[in-house]
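Undergrad: First, the structure itself, so that you have it in front of you.
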Amino acid sequence: MIDQPNNAGDPNAPDSSSEFLAELERNTASEIRRQRTQERFEVKAKVIVQPGNTSDLSKFAIQGMTGDISEQGCRVLLPRPLQIGDIYRLAFDESVFSLPLVFARCVRCRLVREDAFEIGYIFFSPLELSSSIKDQAKSGASESSTLL
């Protein structure tokens with residue numbers, strides 16, 4: 001049996017579906033970028049992505065390339081899709097990033113082309129990005145601003 005909402009039939013009750021639709025319409029790429037509180041730095045570096053659970057570490061290890069990074073998260077290009085909502089461990093190329101092993105939640109996965117997926121991660125703990133990473137991003141931004 002399907003339960004009816006408590007406000008079924010009430011003409012003064014807010015229409016939740018129209019509220020959700022309005023919220024979706026506001027969630028454009030430019031609006032999301034505007035709401036970011038941390039500056040993103042375009043830096044290309046190899047990254048190894050593995051499952052976040054120790055018992056699942058042997059299941060796979062995928063090498064990808066970062067597109068950008070901030071104190072709160074990063075964007076990575078990978079050859080296969082990942083599950084949104086799952087936890088992953090990211091090991092960045094130490095010659096580019098002097099960062100510890102990072103645990104992050106996958107919040108976005110987008111098909112870029114048949115063999116490339118753009119993955120968005122949010123870190124569980126904010127990172128402190130060194131000035132060398134920021135300088136590298138600023139000097140490399142004029143060379144190429146995209147992964148593809």
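Residue numbers start at 1 in each chain; chains themselves are named A, B, ... in the order of the structure tokens; ligands are numbered from 1 in the order shown.
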Using only C-alpha atoms, which residues of range 99-118 of chain A come within 6 Å of range 71-83 of chain A, and what is the closest atom pair for each, with the distance in Å to one decimal? Give it as a Markdown table, sorted by chain and residue number.
TA:
| residue | atom | partner | partner_atom | distance |
| --- | --- | --- | --- | --- |
| A:Asp115 | CA | A:Pro79 | CA | 5.2 |
| A:Ala116 | CA | A:Pro79 | CA | 4.7 |
| A:Phe117 | CA | A:Leu78 | CA | 5.2 |
| A:Glu118 | CA | A:Leu77 | CA | 4.6 |
Undergrad: With N, CA and C atoms retained, export the selected residues as a short mmCIF file (atom, residue, chain, number, x, y, z; two decimals), in the first residue's frame.
TA:
data_model
loop_
_atom_site.label_atom_id
_atom_site.label_comp_id
_atom_site.auth_asym_id
_atom_site.auth_seq_id
_atom_site.Cartn_x
_atom_site.Cartn_y
_atom_site.Cartn_z
N ASP A 115 36.57 6.78 -23.39
CA ASP A 115 37.61 6.24 -22.52
C ASP A 115 38.06 7.21 -21.44
N ALA A 116 37.24 8.21 -21.15
CA ALA A 116 37.64 9.22 -20.16
C ALA A 116 36.44 9.70 -19.34
N PHE A 117 36.63 9.70 -18.03
CA PHE A 117 35.59 10.14 -17.11
C PHE A 117 36.17 11.20 -16.18
N GLU A 118 35.43 12.27 -16.00
CA GLU A 118 35.84 13.33 -15.08
C GLU A 118 35.18 13.05 -13.74
#
Undergrad: Any idea what the distance is between CA of Asp86 in chain A and CA of Gly52 in chain A?
TA: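 Taking CA of Asp86 in chain A as the start and CA of Gly52 in chain A as the end point, the length is 8.1 Å.
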Undergrad: Would you mind listing what lies within 12 Å of Ser95 in chain A as a PyMOL selection string, with only C-alpha atoms counted and same-chain residues fewer than 2 positions away left out?
TA: chain A and resi 44-47+91-93+97-99+132-133
Undergrad: Could you save the residues just selected, with N, CA and C atoms, as a PDB file, in the first residue's frame?
TA:
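And here is the file that came out, out32.pdb:
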ATOM      1  N   LYS A  44      48.396  19.605 -13.247  1.00  0.00           N
ATOM      2  CA  LYS A  44      48.352  18.247 -13.774  1.00  0.00           C
ATOM      3  C   LYS A  44      49.381  17.391 -13.037  1.00  0.00           C
ATOM      4  N   ALA A  45      48.899  16.315 -12.441  1.00  0.00           N
ATOM      5  CA  ALA A  45      49.775  15.387 -11.726  1.00  0.00           C
ATOM      6  C   ALA A  45      49.128  14.014 -11.742  1.00  0.00           C
ATOM      7  N   LYS A  46      49.956  12.975 -11.781  1.00  0.00           N
ATOM      8  CA  LYS A  46      49.433  11.622 -11.719  1.00  0.00           C
ATOM      9  C   LYS A  46      48.835  11.373 -10.346  1.00  0.00           C
ATOM     10  N   VAL A  47      47.774  10.581 -10.336  1.00  0.00           N
ATOM     11  CA  VAL A  47      47.132  10.202  -9.084  1.00  0.00           C
ATOM     12  C   VAL A  47      46.696   8.745  -9.212  1.00  0.00           C
ATOM     13  N   ALA A  91      46.367   8.817  -3.969  1.00  0.00           N
ATOM     14  CA  ALA A  91      47.802   9.000  -3.747  1.00  0.00           C
ATOM     15  C   ALA A  91      48.331   9.837  -4.908  1.00  0.00           C
ATOM     16  N   PHE A  92      48.718  11.069  -4.614  1.00  0.00           N
ATOM     17  CA  PHE A  92      49.189  11.992  -5.638  1.00  0.00           C
ATOM     18  C   PHE A  92      50.677  11.784  -5.908  1.00  0.00           C
ATOM     19  N   ASP A  93      51.089  12.123  -7.120  1.00  0.00           N
ATOM     20  CA  ASP A  93      52.486  12.048  -7.526  1.00  0.00           C
ATOM     21  C   ASP A  93      53.307  12.952  -6.601  1.00  0.00           C
ATOM     22  N   PHE A  97      52.994  16.975  -5.929  1.00  0.00           N
ATOM     23  CA  PHE A  97      52.308  17.320  -4.691  1.00  0.00           C
ATOM     24  C   PHE A  97      53.028  16.690  -3.518  1.00  0.00           C
ATOM     25  N   SER A  98      53.362  17.478  -2.539  1.00  0.00           N
ATOM     26  CA  SER A  98      53.888  16.909  -1.300  1.00  0.00           C
ATOM     27  C   SER A  98      52.728  16.779  -0.328  1.00  0.00           C
ATOM     28  N   LEU A  99      51.798  15.883  -0.685  1.00  0.00           N
ATOM     29  CA  LEU A  99      50.586  15.695   0.098  1.00  0.00           C
ATOM     30  C   LEU A  99      50.550  14.283   0.657  1.00  0.00           C
ATOM     31  N   SER A 132      54.246  26.272  -3.520  1.00  0.00           N
ATOM     32  CA  SER A 132      54.830  25.755  -4.762  1.00  0.00           C
ATOM     33  C   SER A 132      53.754  25.197  -5.683  1.00  0.00           C
ATOM     34  N   ILE A 133      52.717  24.574  -5.114  1.00  0.00           N
ATOM     35  CA  ILE A 133      51.604  24.074  -5.920  1.00  0.00           C
ATOM     36  C   ILE A 133      50.861  25.248  -6.544  1.00  0.00           C
TER      37      ILE A 133
END
Undergrad: Please identify all polymer residues within 9 Å of Ala104 in chain A, counting only C-alpha atoms, omitting same-chain residues fewer than 4 positions from it, and present them as a list in words.
TA: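 Within the cut-off, the hits are Gly52, Gly73, Asp86, Ile87, Tyr88, Arg89, Leu90, Tyr121, Ile122, Phe123, Phe124 and Ser125 of chain A.
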Undergrad: Leaving out Asp68 in chain A and any residue of its chain fewer than 2 positions from it, which residues lie within 7 Å of it when counting only C-alpha atoms, given as a list of chain:residue names?
TA: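 Here the answer would be A:Arg40, A:Phe41, A:Glu42, A:Val43, A:Thr66, A:Cys74, A:Arg75.
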Undergrad: Expressed in Å to a single decimal, how great is the separation between CA of Leu111 in chain A and CA of Glu23 in chain A?
TA: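 Atom-to-atom, CA of Leu111 in chain A to CA of Glu23 in chain A, that is 23.5 Å.
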